[in-house]
Each structure stands twice: as structure tokens, then as C-alpha cells.
Amino acid sequence: MRKKWYQIVRLILPVLFAFFFTTGLMARNMFFMLIFMGSALLAGAFYCGWCCPFGALQEWLNKLGKFLKIPQLKIPPTIERWLRLSRYILLGLSSLGFAAVLFLLSPYGTFYAVLMNNLTYLTRGIIILFGLFLLLSLFITRPFCRYFCPEGARYGAVSLGRLFSIRRNGDKCISCGKCNRSCPVQIQVSNKNHVRNSQCINCFECIAACPVDGALSYQWVIEKKRKTKESFENV
């Protein structure tokens, strides 16, 4: 399948952001966080799907696992829903004064700790933890992003009120399920009119996989002819 332009951009941007983090250009990232929070409120969690180097690395490793024909794990929906809560628990802890620990639980916080040669026992343990997440990525797409990342939880929660989202045209949809199978975070796209889900990372893989032009598109949430009231999936 020929890659869409946005799939190519998604390959390039994480590399650029990895360079920015490595050189320290984003060490003071409050400005960038405000930009990403604003974009999440307007159009969804683009940082997670387009810019995050650690998220991209997990996704690339999963593609490698599929290329090597490693059996892929599919988490049952009920278990998936409970596992998703873990990153919101971590986000809640960050608001209760555990920000320092959560900074180390961030891949970039750990990276800066290594860069500053601050290799404590805690840092070494977290490095091993991230290594396990990368290993697990061979079997399941983006495990850290889906279940452990408080930063992704923050962007995801804000994105529930987004004004632009992926829209499914029920008249054109042929219910082939390719959008569901392509989604890296196991969203059942074929069951929704608008994908305003806190797990959605705006990767557009569902649109790329859809065999019918116009069945899935990224556009304004409110329909032109009439307003529709969409229910949100909380987590």
C-alpha cells in the first residue's frame, strides 16, 4: 500500500523531536507543552501520534514484530478499559505532589537524568522498566502510551472536547473492520460516528487503511446540516 503523505510526516517528526531533546533545545518545554495542550483541545492529541519519539519507537518496534511474524497480543476490551485507567492514576499522582517521581517515569526525564550522569538505583530501575516496555512493543502496539504515560493521559483528557476529529460516514462504510485492525490503541472506529476518544493519537492509520474514499475523514465535529450530540468514551 502506498504511504499517505501524513504517514511519511509521522516518520520524520519524531526524529526531529528526538534531536531537539538530545541537544537540549526543548529542555525548557513549557512553551511547547502549551502549544500541544492547545492543539489537543482544538484537534486532538497530535503530540502523541506525530511528535513523541518514545511513542514512535514503540510503534516502529511493533511493525518490526509484525514483519518478523511475532504473534500479536490483543487485549480483551474489558481488560483494556481497566488497564487504561492506570495512566490516569499516574496523572492524578502528579497533581498530588509526586511530580519528581513522575518526571523520572517520563522517558525524557530519565534521558536527562542519564545525560547528567545521575544514575541512581531508581534511575537504573526505570531504565530497565522502559527497556521492558520496548520489548513488549514487539507484541503489542504502544504499551507505555496506552497504559502508563501520564503526559498522554493529560493530552487525551483535554482532547475529549476537540473541535476536529475523525468522522465516519455511515452511508459509505462497508463494515470491513480494517480501521479497527489498523488502530494502534484498539479503538473500535467502525462503531463510532466521531472518534473523540481520549486514547486517540490522531495517527490517521484508520483513514489510510479504509478502502472506501470518504468513509473516514478528518473534519469539523459538528455536521453542516444538523448538530449531533456525541457521547464521549471517558477513558
# chains A, B, ... in the order shown; residues from 1 in each chain; ligands from 1
>>> select_by_dssp(residues="stretch 7-226 of chain A", states="alpha helix (DSSP H)", output="number ranges by chain")
A: 7-23, 30-43, 46, 53-67, 77-94, 99-105, 107-115, 121-136, 143-147, 150-158, 178-182, 205-209
>>> residues_around(residues="stretch 56-65 of chain A", least_positions_apart="5", cutoff="12 Å", atoms="only C-alpha atoms", output="PDB file with C-alpha atoms, in the first residue's frame")
ATOM      1  CA  GLN A   7       2.348   8.720   7.272  1.00  0.00           C
ATOM      2  CA  VAL A   9       5.495  13.095   8.038  1.00  0.00           C
ATOM      3  CA  ARG A  10       4.863  10.885  11.076  1.00  0.00           C
ATOM      4  CA  LEU A  11       8.140   9.092  10.330  1.00  0.00           C
ATOM      5  CA  ILE A  12      10.129  12.338  10.143  1.00  0.00           C
ATOM      6  CA  LEU A  13       8.783  14.441  13.019  1.00  0.00           C
ATOM      7  CA  PRO A  14       9.696  12.069  15.900  1.00  0.00           C
ATOM      8  CA  VAL A  15      13.293  12.010  14.635  1.00  0.00           C
ATOM      9  CA  LEU A  16      13.385  15.816  14.667  1.00  0.00           C
ATOM     10  CA  PHE A  17      11.944  15.915  18.182  1.00  0.00           C
ATOM     11  CA  ALA A  18      14.484  13.335  19.338  1.00  0.00           C
ATOM     12  CA  TYR A  47       1.882  15.246  20.039  1.00  0.00           C
ATOM     13  CA  CYS A  48       1.364  11.591  20.937  1.00  0.00           C
ATOM     14  CA  GLY A  49       0.799  10.420  17.370  1.00  0.00           C
ATOM     15  CA  TRP A  50       3.118  12.706  15.456  1.00  0.00           C
ATOM     16  CA  CYS A  51       5.948  14.030  17.627  1.00  0.00           C
ATOM     17  CA  ILE A  70       5.790 -12.398  16.106  1.00  0.00           C
ATOM     18  CA  PRO A  71       2.315 -13.245  17.491  1.00  0.00           C
ATOM     19  CA  GLN A  72       0.486 -10.051  18.452  1.00  0.00           C
ATOM     20  CA  LEU A  73      -1.405  -9.695  21.720  1.00  0.00           C
ATOM     21  CA  PRO A 107      11.269   8.705  29.094  1.00  0.00           C
ATOM     22  CA  PHE A 130      11.470   1.303  29.769  1.00  0.00           C
ATOM     23  CA  GLY A 131      13.504  -1.468  28.192  1.00  0.00           C
ATOM     24  CA  LEU A 132      10.765  -3.929  29.116  1.00  0.00           C
ATOM     25  CA  PHE A 133       8.160  -1.646  27.532  1.00  0.00           C
ATOM     26  CA  LEU A 134      10.206  -1.564  24.329  1.00  0.00           C
ATOM     27  CA  LEU A 135      10.487  -5.346  24.381  1.00  0.00           C
ATOM     28  CA  LEU A 136       6.747  -5.615  24.949  1.00  0.00           C
ATOM     29  CA  SER A 137       6.229  -3.349  21.924  1.00  0.00           C
ATOM     30  CA  LEU A 138       7.173  -6.269  19.711  1.00  0.00           C
ATOM     31  CA  PHE A 139       3.958  -7.958  20.859  1.00  0.00           C
ATOM     32  CA  ILE A 140       1.554  -5.059  21.399  1.00  0.00           C
ATOM     33  CA  THR A 141       1.360  -1.551  19.941  1.00  0.00           C
ATOM     34  CA  ARG A 142       2.416   1.355  22.181  1.00  0.00           C
ATOM     35  CA  PRO A 143       2.034  -0.337  25.600  1.00  0.00           C
ATOM     36  CA  PHE A 144       3.629   2.552  27.505  1.00  0.00           C
ATOM     37  CA  CYS A 145       1.479   5.161  25.732  1.00  0.00           C
ATOM     38  CA  ARG A 146      -1.737   3.263  26.339  1.00  0.00           C
ATOM     39  CA  SER A 182      -5.140  -0.684  11.963  1.00  0.00           C
ATOM     40  CA  CYS A 183      -5.738   1.379  15.112  1.00  0.00           C
ATOM     41  CA  PRO A 184      -2.616   1.194  17.320  1.00  0.00           C
ATOM     42  CA  VAL A 185      -4.635   1.824  20.501  1.00  0.00           C
ATOM     43  CA  ILE A 201      -3.453   9.787  18.991  1.00  0.00           C
ATOM     44  CA  CYS A 203      -2.254   8.902  13.687  1.00  0.00           C
ATOM     45  CA  GLU A 205      -3.894   4.933  10.326  1.00  0.00           C
TER      46      GLU A 205
END
>>> closest_residue(among="A:Ser39, A:Ser95, A:Tyr147, A:Leu34", to="A:Ile75", atoms="only C-alpha atoms")
A:Tyr147
